[in-house]
$ cat start_37.txt   # compact mmCIF, C-alpha atoms
# COMPACT_ATOMS: atom_id res chain seq x y z
CA MET P 1 -62.35 51.06 -74.26
CA ASP P 2 -64.40 48.29 -72.58
CA ARG P 3 -65.11 46.83 -75.98
CA ILE P 4 -61.38 46.60 -76.78
CA LYS P 5 -60.74 44.85 -73.44
CA SER P 6 -63.54 42.35 -74.02
CA ASN P 7 -62.33 41.66 -77.58
CA ARG P 8 -58.77 41.19 -76.32
CA SER P 9 -60.04 38.77 -73.66
CA LEU P 10 -62.03 36.85 -76.28
CA LEU P 11 -58.99 36.70 -78.59
CA GLU P 12 -56.84 35.38 -75.75
CA TRP P 13 -59.40 32.59 -75.14
CA VAL P 14 -59.53 31.73 -78.84
CA ASP P 15 -55.74 31.77 -79.01
CA SER P 16 -55.54 29.39 -76.02
CA LEU P 17 -58.14 27.03 -77.51
CA VAL P 18 -56.39 26.94 -80.89
CA PHE P 19 -53.04 26.27 -79.20
CA ALA P 20 -54.57 23.45 -77.12
CA ALA P 21 -56.21 21.91 -80.20
CA VAL P 22 -52.96 22.01 -82.20
CA LEU P 23 -51.01 20.55 -79.27
CA LEU P 24 -53.57 17.75 -78.85
CA ALA P 25 -53.45 16.99 -82.58
CA LEU P 26 -49.65 16.79 -82.48
CA VAL P 27 -49.67 14.49 -79.45
CA PHE P 28 -52.19 12.11 -81.05
CA THR P 29 -50.41 12.23 -84.41
CA PHE P 30 -46.84 11.73 -83.23
CA GLY P 31 -46.97 10.66 -79.57
CA VAL P 32 -49.86 8.33 -78.86
CA ARG P 33 -52.54 6.49 -80.77
CA ILE P 34 -55.57 4.51 -79.75
CA VAL P 35 -55.99 1.04 -81.28
CA GLN P 36 -58.57 -1.69 -80.84
CA VAL P 37 -57.80 -5.37 -80.27
CA ASP P 38 -59.35 -7.42 -83.08
CA GLY P 39 -59.62 -11.14 -82.38
CA SER P 40 -58.49 -13.56 -79.71
CA SER P 41 -54.80 -13.98 -80.58
CA MET P 42 -53.64 -12.07 -77.47
CA ASN P 43 -55.89 -13.86 -74.95
CA PRO P 44 -55.77 -14.14 -71.98
CA GLY P 45 -54.05 -10.76 -71.48
CA LEU P 46 -55.90 -8.76 -74.13
CA GLN P 47 -59.46 -9.42 -75.23
CA ASP P 48 -61.29 -8.74 -78.50
CA GLY P 49 -62.69 -5.19 -78.59
CA GLU P 50 -60.45 -3.70 -75.90
CA ARG P 51 -59.00 -0.27 -76.68
CA LEU P 52 -55.33 0.36 -76.03
CA VAL P 53 -53.12 3.43 -75.89
CA LEU P 54 -50.11 3.00 -78.10
CA SER P 55 -46.92 4.98 -77.53
CA SER P 56 -45.81 6.07 -81.01
CA LEU P 57 -42.60 7.67 -79.81
CA PRO P 58 -39.49 6.12 -81.36
CA TYR P 59 -38.08 3.33 -79.20
CA GLU P 60 -36.15 0.08 -79.43
CA PRO P 61 -38.52 -2.93 -79.09
CA GLU P 62 -37.58 -5.19 -76.19
CA TYR P 63 -38.33 -8.85 -75.55
CA GLY P 64 -41.83 -9.29 -74.18
CA ASP P 65 -43.13 -5.90 -75.39
CA ILE P 66 -46.59 -5.88 -76.91
CA VAL P 67 -46.24 -4.01 -80.17
CA VAL P 68 -48.61 -2.93 -82.90
CA ILE P 69 -47.51 -3.67 -86.45
CA ASP P 70 -48.61 -1.42 -89.31
CA SER P 71 -51.47 -2.65 -91.49
CA TYR P 72 -49.43 -1.77 -94.59
CA THR P 73 -47.42 -4.98 -94.20
CA ASP P 74 -48.00 -7.73 -96.77
CA TYR P 75 -50.51 -9.34 -94.38
CA GLY P 76 -52.73 -6.27 -94.71
CA LYS P 77 -54.11 -6.07 -91.16
CA LEU P 78 -53.02 -4.29 -88.01
CA LEU P 79 -51.25 -6.84 -85.79
CA ILE P 80 -50.97 -6.69 -82.01
CA LYS P 81 -48.35 -9.21 -80.88
CA ARG P 82 -45.55 -9.83 -78.40
CA VAL P 83 -41.85 -9.48 -79.32
CA ILE P 84 -40.15 -12.88 -79.00
CA GLY P 85 -37.01 -12.37 -81.07
CA LYS P 86 -34.90 -9.54 -82.53
CA GLY P 87 -32.34 -9.39 -85.32
CA GLY P 88 -29.69 -12.11 -84.96
CA ASP P 89 -31.68 -14.25 -82.49
CA VAL P 90 -32.23 -17.93 -83.25
CA ILE P 91 -35.82 -18.94 -82.51
CA ASP P 92 -36.75 -22.60 -82.15
CA ILE P 93 -40.03 -24.18 -81.13
CA ASP P 94 -40.48 -27.74 -79.91
CA PHE P 95 -44.04 -28.38 -81.03
CA ASP P 96 -44.20 -31.70 -79.13
CA THR P 97 -43.57 -30.07 -75.74
CA GLY P 98 -44.87 -26.61 -76.71
CA VAL P 99 -41.69 -24.82 -75.60
CA VAL P 100 -40.29 -21.74 -77.37
CA TYR P 101 -36.51 -21.23 -77.34
CA ARG P 102 -34.52 -18.07 -78.02
CA ASN P 103 -30.80 -18.61 -78.57
CA GLY P 104 -31.03 -22.06 -76.98
CA GLN P 105 -32.79 -20.85 -73.81
CA ALA P 106 -36.37 -21.94 -73.06
CA LEU P 107 -38.59 -18.90 -72.56
CA GLU P 108 -40.61 -18.43 -69.39
CA GLU P 109 -43.97 -17.25 -70.72
CA PRO P 110 -46.55 -16.84 -67.94
CA TYR P 111 -48.63 -14.59 -70.22
CA THR P 112 -49.54 -17.33 -72.73
CA ALA P 113 -52.91 -19.07 -72.83
CA GLU P 114 -51.27 -22.46 -73.38
CA ALA P 115 -48.10 -24.08 -74.70
CA THR P 116 -47.17 -23.61 -78.38
CA TYR P 117 -48.34 -26.69 -80.30
CA LEU P 118 -49.44 -25.07 -83.58
CA SER P 119 -46.93 -24.88 -86.41
CA GLU P 120 -47.96 -22.68 -89.30
CA GLY P 121 -45.37 -23.54 -91.93
CA VAL P 122 -42.16 -21.69 -91.04
CA THR P 123 -39.16 -24.02 -90.61
CA PHE P 124 -37.36 -23.92 -87.25
CA PRO P 125 -34.80 -23.16 -86.00
CA LEU P 126 -35.04 -19.72 -87.62
CA THR P 127 -32.53 -16.88 -87.44
CA VAL P 128 -34.27 -13.51 -87.25
CA PRO P 129 -32.84 -11.19 -89.93
CA GLU P 130 -31.20 -7.96 -88.76
CA GLY P 131 -33.70 -5.09 -88.48
CA GLN P 132 -36.61 -7.48 -88.05
CA LEU P 133 -38.66 -8.96 -85.21
CA PHE P 134 -40.14 -12.39 -84.54
CA ILE P 135 -43.59 -11.79 -83.01
CA MET P 136 -46.17 -14.14 -81.52
CA GLY P 137 -49.64 -13.85 -80.05
CA ASP P 138 -50.18 -14.94 -76.45
CA ASN P 139 -52.96 -17.33 -77.51
CA ARG P 140 -50.38 -19.43 -79.34
CA ASN P 141 -52.70 -22.01 -80.86
CA ASN P 142 -55.11 -19.37 -82.15
CA SER P 143 -52.74 -16.72 -83.50
CA LYS P 144 -51.48 -15.78 -86.95
CA ASP P 145 -47.95 -14.51 -86.29
CA SER P 146 -44.31 -14.95 -87.35
CA ARG P 147 -44.76 -18.75 -87.45
CA SER P 148 -46.82 -18.20 -90.60
CA PRO P 149 -45.05 -17.65 -93.95
CA GLU P 150 -47.83 -15.15 -94.68
CA ILE P 151 -46.45 -12.88 -91.94
CA GLY P 152 -42.96 -14.13 -91.10
CA CYS P 153 -40.53 -11.80 -89.41
CA VAL P 154 -41.61 -8.16 -89.53
CA ALA P 155 -39.47 -5.11 -90.15
CA GLU P 156 -38.83 -2.95 -87.08
CA GLY P 157 -39.89 0.00 -89.26
CA ASP P 158 -43.39 -1.50 -89.49
CA VAL P 159 -43.82 -1.19 -85.69
CA LEU P 160 -46.25 1.65 -85.00
CA GLY P 161 -45.41 1.58 -81.31
CA GLN P 162 -45.74 -0.19 -77.98
CA ALA P 163 -49.08 -0.87 -76.30
CA VAL P 164 -48.75 0.75 -72.87
CA LEU P 165 -52.25 1.30 -71.43
CA ARG P 166 -55.65 -0.40 -71.60
CA LEU P 167 -58.47 2.17 -71.89
CA THR P 168 -61.49 -0.08 -72.12
CA PRO P 169 -63.21 -1.88 -70.60
CA PHE P 170 -63.03 0.64 -67.77
CA GLU P 171 -62.90 -2.04 -65.06
CA LYS P 172 -59.58 -3.25 -66.59
CA PHE P 173 -58.12 0.26 -67.10
CA GLY P 174 -54.38 0.30 -66.47
CA ALA P 175 -50.87 -0.42 -67.64
CA ILE P 176 -50.22 -3.37 -69.96
CA SER P 177 -47.54 -5.89 -69.08

$ encode --input "start_37.txt" --output "structure tokens"
Amino acid sequence: MDRIKSNRSLLEWVDSLVFAAVLLALVFTFGVRIVQVDGSSMNPGLQDGERLVLSSLPYEPEYGDIVVIDSYTDYGKLLIKRVIGKGGDVIDIDFDTGVVYRNGQALEEPYTAEATYLSEGVTFPLTVPEGQLFIMGDNRNNSKDSRSPEIGCVAEGDVLGQAVLRLTPFEKFGAIS
């Protein structure tokens, strides 16, 4: 009888561990992901090598969100950029003054490293197609983003999720804004 009780106890532990492992796998598959910043295009806010928690839950991208774009896009690399425009928005950039405009309004962008002086070949003003996003790095003069014909506007369906938390380095651990 003691043997049956100890086996039942062991089976309950195994059952709990299997359940926890499956739950954890589901959360990391469908709920959150961990990505690494590659390069300096999001300086000063995000640095090369930092690890971020990405919320993979379905959501509607908002202006200013830092999103991660799938590496299966034509560009072929994972992109971490900020949402500047959504479908129907008219984006214009005055490269002489470095000011970015959305629908005729100059954007207040305290998160950028410097004003936007680098043009990469896309003609402005540009109307963002429906179902797509215009994205830019915060380090505007050292970022390959929607200003480049190689990337252009990206489909909302290519967004893997929103970067919500910085994991490393540990001294910078916290929410991303």

$ atom_distance --input "start_37.txt" --atom1 "CA of Glu114 (chain P)" --atom2 "CA of Leu78 (chain P)"
23.4 Å

$ closest_residue --input "start_37.txt" --among "P:Ser55, P:Ser146, P:Ser119, P:Thr97" --to "Arg166 (chain P)" --atoms "only C-alpha atoms"
P:Ser55

$ residues_around --input "start_37.txt" --residues "Gln132 (chain P)" --least-positions-apart "5" --cutoff "7 Å" --atoms "all atoms listed in the file" --output "list in words"
Lys86, Gly87, Cys153, Val154, Ala155 and Glu156 of chain P

$ closest_residue --input "start_37.txt" --among "P:Lys172, P:Phe95, P:Ala106, P:Lys77" --to "Glu150 (chain P)" --atoms "only C-alpha atoms"
P:Lys77

$ residues_near_point --input "start_37.txt" --point "(-36.2, -20.1, -79.0)" --cutoff "7 Å" --atoms "all atoms listed in the file" --output "number ranges by chain"
P: 90-93, 100-107
